[in-house]
Each structure stands twice: as C-alpha cells, then as structure tokens.
Amino acid sequence: MLSRDNTNWLSAIDYFQLIGLLMLMPIQVIIIDEQQLLTDALTHLIDSSADFRVTASFNSHHEGLSRLAELKPDVILCDIKARFHLTEDIVSEMAKYTHSFNFLVLTGFAESSEVMACLQAGIRGFILKNQPHDELFFALKRISGGGVHYCMEAQALQLRSYDKTAFRPFGLTVREKEVLQLLFQDQSPKDIARRLNVDRKTVDSHKRNIFQKLGIQTMTQLVKFGIQHDLITL
C-alpha cells in the first residue's frame, strides 16, 4: 500500500514527465496567405524543423481566422495583404483574435502605417519575406512563448512613424501624400494602383482618407488646398 509520501513522489514524477512531454511537442503553426505556392513552400520549410509542425494552411483570411478556435494553434503565420481586401480590414479582423492567439505577420513589404496598425491591434510579430529562415524560426519560437518580435525593418518603420508624427502635415501619411501628388497629376486611381503596385481598393481608401483629413469633397478643392498649403509639387 502506498503511503502519502509515496503518492506525492509519484505525483511529482508525473508532473515532470508531463512538462517533459510538453517541451518535446512541436510548436503548432497555421499559415494564412493567398498564394498557394508560398503556403506550400512555407509548410515544407517549417515542417523540416522538428521544433514546428504546420497543422493547416489557408489561402483565405476569412476561412483561416474562422478556424482558429477549432485548431488552437500556438502561432498564426499570416500575411496582411491580399488582392481583394484592404490591409487595414485584414488587420482589423485579426485584432478580434489577438487576445487569445499569437500572430506573426509575414509580408512582402510594409509601410509605417501598417506596422503601427499591427502594433495597435496587438499583433506580436512582424517580419518581411526577404528575411532568412533562421529569423522566421526565431520569431515563431519567441512568439509561441508569449514574446514579441518585430524585424529590424519593421522597427525602423515604427521609429520613422514616431519621428514624423509631430510634423506630419494635416495627419497625412507618407503614402497618402504620394497618392495626393499623383492625383494632382491627374492620374486615375487605376493608374496610381499600377504605379504603386497596390490594389485599386487601397488607392480608393487612401483617397477617401485624404479627403476626410483635409475636410474637402471634390478634386477641384483638393488641388486648390494642396497648392495653398504646399502639399503638392508643381
């Protein structure tokens, strides 16, 4: 018959065995990116490490986010850009889940406003697709443990955003000022989207923000306001 002391010893052994098993379990990752070739490549790369296992991948942000409660991943590796969705809409949707899940943004390029939006949404990590796989693995491990990891480029954009906030004219972002200049040159939103390599909806969103921030309603007012306040280059 086991004594209470023996029972306590067995409980302690069971506890440490459980901890050991948990430490050996790979970090569970799901991938959300609209490019199938990329999700396949990322899955192959991540699964090549014994520390990680990709449990699912999605090419639709809506589908991927709706499955989080079911899959319960340790980290969600997610792009914030898509052809038919605004980045701010994707980040806003992700923000609904950041209190329960750990997100790592992996995207091709970024602007200061996007980095700041991710920080404000509670997203724990942000790296670019040109980073070496070692940084990706480091970020996955750090974020799965409750840490935060923003790559050096994202940190630089964050600092640049803070630096410009004090003297940013009328609250316009760098990209909004760029769109304003192209609108002044009588370029259509479609042409601007092609020139900036972004979606047409993104340009429409920037235009809408410009009009709202400047308190104007027409292109004629926009041109006049821009000239009067030196917001555009003649």
# chains A, B, ... in the order shown; residues from 1 in each chain; ligands from 1

$ select_by_dssp --residues "segment 76-147 of chain A" --states "strand (DSSP E)" --output "list in words"
Ile76, Leu77, Cys78, Phe103, Leu104, Val105, Leu106, Thr107, Gly125, Phe126, Ile127 and Leu128 of chain A

$ write_last_selection --atoms "C-alpha atoms" --output "PDB file, in the first residue's frame"
ATOM      1  CA  ILE A  76      -0.651  32.010 -36.787  1.00  0.00           C
ATOM      2  CA  LEU A  77       1.705  32.967 -39.631  1.00  0.00           C
ATOM      3  CA  CYS A  78      -0.316  35.427 -41.672  1.00  0.00           C
ATOM      4  CA  PHE A 103       0.007  36.259 -34.695  1.00  0.00           C
ATOM      5  CA  LEU A 104       3.208  36.619 -36.701  1.00  0.00           C
ATOM      6  CA  VAL A 105       2.810  38.788 -39.799  1.00  0.00           C
ATOM      7  CA  LEU A 106       4.916  37.668 -42.756  1.00  0.00           C
ATOM      8  CA  THR A 107       4.579  40.062 -45.684  1.00  0.00           C
ATOM      9  CA  GLY A 125       5.323  39.732 -34.565  1.00  0.00           C
ATOM     10  CA  PHE A 126       6.125  41.296 -37.915  1.00  0.00           C
ATOM     11  CA  ILE A 127       8.796  40.145 -40.387  1.00  0.00           C
ATOM     12  CA  LEU A 128       9.347  40.549 -44.115  1.00  0.00           C
TER      13      LEU A 128
END

$ residues_around --residues "Leu140 of chain A" --least-positions-apart "2" --cutoff "10 Å" --atoms "only C-alpha atoms" --output "ChimeraX atom specification"
/A:27-29,46,51-52,74-77,102-104,125,134-138,142-145,147-149

$ atom_distance --atom1 "atom CA of Val91 of chain A" --atom2 "atom CA of Leu45 of chain A"
25.3 Å

$ residues_around --residues "Ala82 of chain A" --least-positions-apart "6" --cutoff "10 Å" --atoms "only C-alpha atoms" --output "PDB file with C-alpha atoms, in the first residue's frame"
ATOM      1  CA  ASP A  33      -1.554  33.501 -47.276  1.00  0.00           C
ATOM      2  CA  GLU A  34      -3.460  33.819 -50.528  1.00  0.00           C
ATOM      3  CA  GLN A  35      -0.544  32.465 -52.600  1.00  0.00           C
ATOM      4  CA  ASN A  59      -5.494  30.873 -48.867  1.00  0.00           C
ATOM      5  CA  SER A  60      -8.471  32.788 -47.455  1.00  0.00           C
ATOM      6  CA  HIS A  61      -8.101  35.087 -44.446  1.00  0.00           C
ATOM      7  CA  ILE A  90      -7.384  42.308 -42.558  1.00  0.00           C
ATOM      8  CA  VAL A 198      -1.048  48.071 -54.838  1.00  0.00           C
ATOM      9  CA  ASP A 199      -4.694  47.111 -55.184  1.00  0.00           C
TER      10      ASP A 199
END

$ closest_residue --among "A:His133, A:Arg200, A:Ser188, A:Leu183" --to "Val223 of chain A" --atoms "only C-alpha atoms"
A:Leu183

$ closest_residue --among "A:Glu111, A:Met219, A:Phe225, A:Glu153" --to "Gln185 of chain A" --atoms "only C-alpha atoms"
A:Met219

$ closest_residue --among "A:Val54, A:Leu159, A:Ala110, A:Met94" --to "Leu42 of chain A" --atoms "only C-alpha atoms"
A:Val54

$ closest_residue --among "A:His85, A:Arg124, A:Lys224, A:Arg208" --to "Thr98 of chain A" --atoms "only C-alpha atoms"
A:Arg124

$ residues_around --residues "Glu93 of chain A" --least-positions-apart "5" --cutoff "10 Å" --atoms "only C-alpha atoms" --output "PyMOL selection string"
chain A and resi 61-62+65+87-88+98+121

$ residues_around --residues "Met116 of chain A" --least-positions-apart "3" --cutoff "8 Å" --atoms "only C-alpha atoms" --output "ChimeraX atom specification"
/A:112-113,119-120,158,161
